[in-house]
Structure formats: structure tokens, C-alpha cells
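One structure is given here, and the rest of the page talks about it.
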Protein chains: 2
Amino acid sequence: MNIAILLYERFTALDAIGPYEVLSRLPGASVAFLAAQPGPVRTDNGCLTVLAEHSLQDMPQPDVVLVPGGPGDVAEHAGPAALDWLREAHRTSTWTTSVCTGSLILAAAGLLDGRRATSHWLAMEELRRLGAQPVSERVVFDGKVVTAAGVSAGIDMALALAARIAGDTVAQAIQLGIEYDPQPPFDAGSPRKAPAEVVELVRSRSPRVQEEVAR
Amino acid sequence: MNIAILLYERFTALDAIGPYEVLSRLPGASVAFLAAQPGPVRTDNGCLTVLAEHSLQDMPQPDVVLVPGGPGDVAEHAGPAALDWLREAHRTSTWTTSVCTGSLILAAAGLLDGRRATSHWLAMEELRRLGAQPVSERVVFDGKVVTAAGVSAGIDMALALAARIAGDTVAQAIQLGIEYDPQPPFDAGSPRKAPAEVVELVRSRSPRVQEEVAR
């Protein structure tokens, strides 16, 4: 099973690495990081460089496509060649997936027209503008298109996908292998749960967070 | 605030990237990925290459040190130069931290002697053998040494650390920014919670998981 993770300048690292850590543990899985220009790709904050070891042409028909998000105009950062590749890859993929504002890239490629989908909580209106039906859920399945909410939601999505692909026992074994028994110190991970002043802080200006989906 | 994340061949990507995604959002934070040999570093499964853009000499006195884990003999993979660097860096660090079997590297450097610490659930006996007092908790603070359980626990550790460094509001804003409102599809992330056959599967042989801490 070929799993293709699309990289582009200023992607958010955890959007890609969370699902990679889960999906790479599926029996028979082969994960490849692709980019329009293979080579070093910098993440959103400039602190980390990951190698895209493959070009888009290297894998025209992956079984699973995964598109991470990032701050700013992600469809522009991904570029037209990536959008063309996504349209083609989606024709034959078993699963086409995104994390966070990666769904804005799928939408820009025309793959979410009329579909139920999710994104980072700050990007839901933009998702609607691009033709999708935004749904405030952590993981949204619509046919073979699977979208996850912001950044860390990619881990939950990948486990749900692992269960669909290889069954519950394998997915649980992967969860146990990565010891995913989350115990965040606060219950502040969603705008419905976080204190109002924290939501306001993130909306307006906060430690690099506000940049997340700023356009 | 300088945050140094140690890389070495066959490290587990999420061990490093989970905390990076949290800590890089702290106000004034600068995150650097270091290795004994700067340049491309491959992760445990060979699917991903990350650049270590700095040498150990580039940052002799980081404020925060973070050591990810990996499968196999992690202290050997990290190498003697990294252990020497850790001993020196620990003298002046504000926080010395690890994720998963990264604690075995801290222990091999002599930094966990008699300390309460945690690790991947499959590595607790090895942690004891190396002189630490193993504790089956997700995040363990012992003075300025902070250790996290397996792989995904680094996210919880980093949020707890963010709160100590910058206060609860900033930590909550970071949590909301990465939308960390975990909803795993199963409650199987700890050996105390997973079905017995899943625990047995992971202990014996499972999708690449058993390799995680095999020695």
C-alpha cells in the first residue's frame, strides 16, 4: 500500500508527521514524502527542514494521499503542479485525506465540492467559501475523502483510517505502540472547551498560533 | 529561549515533532535540531529524512534539551559524542527532557541515576537497569528532568512544560492552536487499557511496533 504525503513550503510539521507515525506502521505500508520540487522543504516556522525524497511524478497513483495544512495561502504554497497531481491521484486513490488547512488545498483542487469536510477551527468559513460543507467534527469521512481538524487531529484520523484499512486490532496495536493514551494538562483543545479569553487570544494574537491560518 | 532537539539515526519522528510543534509556539522560543553529524538524519522506518542543521558544538548551553526515542540500542545510535554533550548541556539547562526511549539515552549519560522517570511501556525494565526509578505515568517531573511515556506522550509533556515556562494561558492557547482535543477511536493507548490480545500482539509481534524498543 503506497501512502503519499504531499509536502510544500511552510507546511505544519505535525499535520504530516502525526499520520505518518500511525500509517507507516500498517502492515505492508510504504510511505513517501513528495513535493513538486523534491529536496529540502521548510516548515511553517522555519525551524525544521524535511526532505521530500520524491517528485509528484514518482507516484502518480498512490493508494492513500495525505495533504497537511499550514498557515497562509496554502493552495498557493502547494502550487498548481500539486493541485494538478491531486486531481489525478484522487481518480484512483483508495483514500484522499487532509489534516488541518490541508482541506483548503483539497478544496482548491476541486475535490471537496459539496462534500462534508473539516479543517482547523479558524478556517471553517474559508472551507465553505471554497465549496465544501464545513462540519465541526474532529474527523470527517465522506466517501473516500477523509478530513481532520487542526494539526493534532491527524493522529486521530490516521487511527480511524488504519482501522478501516487493516481492522480494529491492528489499529489498536498501533495506538498501543505509540502509547496514544492522551492526557493533556488542560481541556482547552477546542473553541467550545477553552476559556473564552484563550479563544480570543488565539483569534487575535497569540504565540505564533494566529499565523496558523492567517490569509 | 533556546530549545535543542537531539537527532540521531533511527529516531522516532513523532517523539521529536510532537514537542517541537508545541514548544516552537512559545513566545521567544528558538528551536534547533542538532546531531553529532549535522546533515540528513533518517527516522526509524527509513521513510523520512529530517535535516539536523546544527552540530552539538553550535549549542553547548541550551535552555531546554529534548531527546527523542527510537527502536533498538538508542544510546549506541545516539553515540558517545551526544552523551558527552548531554552531560555538559544538563549542567546549565533549565529543563532536560526526553520522550519514549529517549529516557534510556538520558540514563546512559548518567542523568537519571536514582531519579523518577518514565519511558515507553515496553522499556521500563531497561530504564530500571540503567539506574532510574521507573514510574508508569505519562509525564514525570523530577526536578528539572522531565520524561514522557511512549511516542505521542511528548505532546502532553510539552504542554505541561509550556505551562511551567510561560503560564497556563499560553499553554492553553498553544493547545487550542494545534486543536489538541484528542478523540482516539479506541481506548487502547496503554497496556492497562488495551485488550489483552492487543497487548500480547504488541509484545510479541505486530506492525513494526515490536521493533520499537527491541534490543
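So you can find residues: chains in the C-alpha cells are A, B, ... in the order shown, residues in each start at 1, and ligands are numbered from 1 in order.
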
Would you superpose chain B on chain A, least squares on all C-alpha atoms in order, and hand back the fitted chain as a compact mmCIF listing (two decimals) with C-alpha atoms, in the first residue's frame?
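Output file superposed.txt follows:
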# COMPACT_ATOMS: atom_id res chain seq x y z
CA MET B 1 0.01 -0.01 0.02
CA ASN B 2 1.54 3.25 -1.18
CA ILE B 3 0.91 6.27 1.02
CA ALA B 4 1.89 9.65 -0.45
CA ILE B 5 2.30 12.65 1.83
CA LEU B 6 2.44 15.94 -0.05
CA LEU B 7 4.97 18.48 1.22
CA TYR B 8 5.26 22.15 0.31
CA GLU B 9 7.00 25.19 1.76
CA ARG B 10 5.58 26.29 5.13
CA PHE B 11 3.60 23.14 5.85
CA THR B 12 2.92 22.42 9.53
CA ALA B 13 5.13 19.53 10.62
CA LEU B 14 2.77 17.72 13.00
CA ASP B 15 -0.01 17.69 10.38
CA ALA B 16 2.18 15.36 8.33
CA ILE B 17 4.18 13.54 11.01
CA GLY B 18 1.25 12.55 13.22
CA PRO B 19 -0.46 10.50 10.49
CA TYR B 20 2.89 9.29 9.13
CA GLU B 21 3.73 7.82 12.56
CA VAL B 22 0.46 5.86 12.53
CA LEU B 23 0.13 4.88 8.87
CA SER B 24 3.77 3.84 8.44
CA ARG B 25 3.09 1.08 10.99
CA LEU B 26 0.37 -0.54 8.87
CA PRO B 27 1.42 -3.94 7.55
CA GLY B 28 2.72 -3.55 4.00
CA ALA B 29 2.66 0.23 4.10
CA SER B 30 5.19 2.29 2.21
CA VAL B 31 5.17 6.00 2.99
CA ALA B 32 6.71 8.52 0.62
CA PHE B 33 7.07 12.27 1.08
CA LEU B 34 6.54 14.04 -2.25
CA ALA B 35 6.88 17.63 -3.42
CA ALA B 36 6.62 19.50 -6.69
CA GLN B 37 10.32 20.24 -6.23
CA PRO B 38 11.99 17.32 -4.45
CA GLY B 39 14.60 18.30 -1.90
CA PRO B 40 14.58 20.20 1.39
CA VAL B 41 11.22 21.65 2.43
CA ARG B 42 10.93 24.10 5.32
CA THR B 43 8.12 24.00 7.83
CA ASP B 44 5.94 26.99 8.76
CA ASN B 45 8.18 28.43 11.47
CA GLY B 46 11.47 27.97 9.61
CA CYS B 47 12.99 25.85 12.40
CA LEU B 48 12.77 22.49 10.68
CA THR B 49 13.65 21.11 7.28
CA VAL B 50 12.33 17.81 5.98
CA LEU B 51 13.44 16.12 2.77
CA ALA B 52 10.90 15.44 0.08
CA GLU B 53 12.67 12.49 -1.48
CA HIS B 54 10.24 12.01 -4.34
CA SER B 55 8.69 14.10 -7.07
CA LEU B 56 4.98 14.07 -7.81
CA GLN B 57 5.73 12.12 -11.00
CA ASP B 58 7.31 9.35 -8.92
CA MET B 59 3.91 8.34 -7.59
CA PRO B 60 1.00 9.15 -9.90
CA GLN B 61 -1.37 6.58 -8.35
CA PRO B 62 -0.90 6.28 -4.59
CA ASP B 63 -3.40 4.27 -2.59
CA VAL B 64 -3.58 6.91 0.13
CA VAL B 65 -3.00 10.63 -0.40
CA LEU B 66 -2.41 12.85 2.63
CA VAL B 67 -2.23 16.65 2.49
CA PRO B 68 -1.01 18.55 5.56
CA GLY B 69 -2.00 22.12 6.29
CA GLY B 70 -0.08 25.23 7.11
CA PRO B 71 -0.48 28.97 7.65
CA GLY B 72 -1.31 31.49 4.97
CA ASP B 73 -2.43 30.75 1.43
CA VAL B 74 -1.78 27.04 1.49
CA ALA B 75 -3.07 26.39 -2.04
CA GLU B 76 -0.58 28.94 -3.35
CA HIS B 77 2.21 27.45 -1.25
CA ALA B 78 1.38 24.00 -2.59
CA GLY B 79 1.34 25.36 -6.14
CA PRO B 80 -0.53 24.48 -9.34
CA ALA B 81 1.52 21.35 -10.08
CA ALA B 82 0.48 19.88 -6.73
CA LEU B 83 -3.18 20.72 -7.38
CA ASP B 84 -2.99 19.01 -10.78
CA TRP B 85 -1.32 15.99 -9.21
CA LEU B 86 -4.03 15.82 -6.50
CA ARG B 87 -6.81 15.83 -9.10
CA GLU B 88 -5.15 12.96 -10.95
CA ALA B 89 -4.19 10.98 -7.86
CA HIS B 90 -7.72 11.31 -6.49
CA ARG B 91 -9.12 9.49 -9.55
CA THR B 92 -7.52 6.23 -8.48
CA SER B 93 -6.84 6.67 -4.76
CA THR B 94 -8.49 4.48 -2.18
CA TRP B 95 -8.40 7.31 0.34
CA THR B 96 -7.80 11.02 -0.20
CA THR B 97 -7.11 12.75 3.11
CA SER B 98 -6.09 16.02 4.69
CA VAL B 99 -5.17 17.44 8.07
CA CYS B 100 -5.93 20.98 9.28
CA THR B 101 -5.89 23.52 6.43
CA GLY B 102 -4.79 20.76 4.08
CA SER B 103 -8.53 20.58 3.35
CA LEU B 104 -8.29 24.05 1.80
CA ILE B 105 -5.82 22.56 -0.69
CA LEU B 106 -8.15 19.66 -1.49
CA ALA B 107 -10.94 22.23 -1.90
CA ALA B 108 -8.80 24.42 -4.14
CA ALA B 109 -8.19 21.37 -6.31
CA GLY B 110 -11.97 21.01 -6.60
CA LEU B 111 -12.12 17.77 -4.65
CA LEU B 112 -14.45 18.91 -1.87
CA ASP B 113 -17.29 20.43 -3.92
CA GLY B 114 -20.46 19.77 -1.93
CA ARG B 115 -18.66 17.33 0.36
CA ARG B 116 -18.80 17.27 4.16
CA ALA B 117 -15.34 18.19 5.40
CA THR B 118 -13.47 19.74 8.28
CA SER B 119 -10.39 21.89 8.84
CA HIS B 120 -8.67 23.96 11.52
CA TRP B 121 -11.43 25.65 13.54
CA LEU B 122 -10.25 29.06 12.35
CA ALA B 123 -10.53 28.00 8.69
CA MET B 124 -14.11 26.73 8.52
CA GLU B 125 -15.52 29.76 6.73
CA GLU B 126 -12.74 29.63 4.17
CA LEU B 127 -13.55 25.96 3.64
CA ARG B 128 -17.17 26.90 2.95
CA ARG B 129 -16.10 29.65 0.55
CA LEU B 130 -14.17 27.02 -1.40
CA GLY B 131 -17.28 24.89 -1.92
CA ALA B 132 -17.23 22.33 0.89
CA GLN B 133 -19.84 21.76 3.59
CA PRO B 134 -17.89 22.51 6.79
CA VAL B 135 -18.54 20.15 9.69
CA SER B 136 -17.20 20.84 13.19
CA GLU B 137 -16.06 17.31 13.89
CA ARG B 138 -12.59 16.02 14.58
CA VAL B 139 -12.53 13.52 11.72
CA VAL B 140 -14.97 13.57 8.81
CA PHE B 141 -15.43 10.69 6.37
CA ASP B 142 -17.30 11.50 3.15
CA GLY B 143 -16.94 8.57 0.81
CA LYS B 144 -13.23 8.10 0.24
CA VAL B 145 -12.39 11.64 1.31
CA VAL B 146 -11.30 11.97 4.94
CA THR B 147 -10.51 15.31 6.54
CA ALA B 148 -9.20 16.06 10.03
CA ALA B 149 -9.47 19.16 12.20
CA GLY B 150 -6.43 21.21 13.26
CA VAL B 151 -2.86 19.87 13.45
CA SER B 152 -3.03 17.15 16.14
CA ALA B 153 -6.31 15.75 14.75
CA GLY B 154 -4.31 13.94 12.10
CA ILE B 155 -3.35 11.31 14.67
CA ASP B 156 -7.00 10.51 15.41
CA MET B 157 -7.79 10.49 11.69
CA ALA B 158 -4.94 8.13 10.91
CA LEU B 159 -6.03 5.68 13.60
CA ALA B 160 -9.60 5.72 12.28
CA LEU B 161 -8.22 5.16 8.79
CA ALA B 162 -5.92 2.38 10.00
CA ALA B 163 -8.99 0.60 11.40
CA ARG B 164 -10.81 0.87 8.07
CA ILE B 165 -7.76 -0.38 6.19
CA ALA B 166 -6.49 -3.14 8.47
CA GLY B 167 -9.14 -3.72 11.11
CA ASP B 168 -9.61 -2.67 14.72
CA THR B 169 -6.99 -4.97 16.21
CA VAL B 170 -4.20 -3.62 14.05
CA ALA B 171 -5.30 -0.04 14.70
CA GLN B 172 -5.36 -0.70 18.44
CA ALA B 173 -1.91 -2.29 18.26
CA ILE B 174 -0.60 0.80 16.52
CA GLN B 175 -2.25 3.02 19.14
CA LEU B 176 -0.63 0.98 21.90
CA GLY B 177 2.70 1.01 20.07
CA ILE B 178 2.76 4.81 20.02
CA GLU B 179 1.24 4.81 23.52
CA TYR B 180 -1.52 7.15 22.43
CA ASP B 181 -3.36 7.49 25.73
CA PRO B 182 -3.71 11.26 25.62
CA GLN B 183 -3.66 13.17 28.89
CA PRO B 184 -3.41 16.84 28.01
CA PRO B 185 -2.87 19.01 31.10
CA PHE B 186 -5.82 21.23 30.11
CA ASP B 187 -9.17 20.73 28.41
CA ALA B 188 -8.58 23.61 26.04
CA GLY B 189 -8.16 21.95 22.68
CA SER B 190 -11.36 23.15 21.07
CA PRO B 191 -13.00 26.58 20.94
CA ARG B 192 -16.05 25.00 22.60
CA LYS B 193 -13.95 23.94 25.58
CA ALA B 194 -11.19 26.52 26.02
CA PRO B 195 -11.74 29.53 28.29
CA ALA B 196 -13.22 32.46 26.35
CA GLU B 197 -10.13 34.61 26.87
CA VAL B 198 -7.94 31.88 25.42
CA VAL B 199 -10.16 31.60 22.34
CA GLU B 200 -9.99 35.36 21.98
CA LEU B 201 -6.23 35.30 22.42
CA VAL B 202 -5.80 32.73 19.67
CA ARG B 203 -8.24 34.53 17.39
CA SER B 204 -6.51 37.86 17.77
CA ARG B 205 -2.88 37.41 18.59
CA SER B 206 -1.01 34.65 20.34
CA PRO B 207 2.28 32.77 20.27
CA ARG B 208 2.57 32.17 16.55
CA VAL B 209 -0.82 30.53 16.62
CA GLN B 210 -2.75 33.32 14.95
CA GLU B 211 -0.50 32.97 11.95
CA GLU B 212 -1.73 29.40 11.58
CA VAL B 213 -4.45 30.08 9.09
CA ALA B 214 -4.14 33.83 8.58
CA ARG B 215 -4.68 34.85 5.00

Could you please write out, as a VMD selection string, every residue of chain A that DSSP assigns to strand (DSSP E or B)?
chain A and resid 2 to 6 11 30 to 35 39 to 43 49 to 52 54 to 55 64 to 67 95 to 99 116 to 117 133 to 134 139 to 142 145 to 148
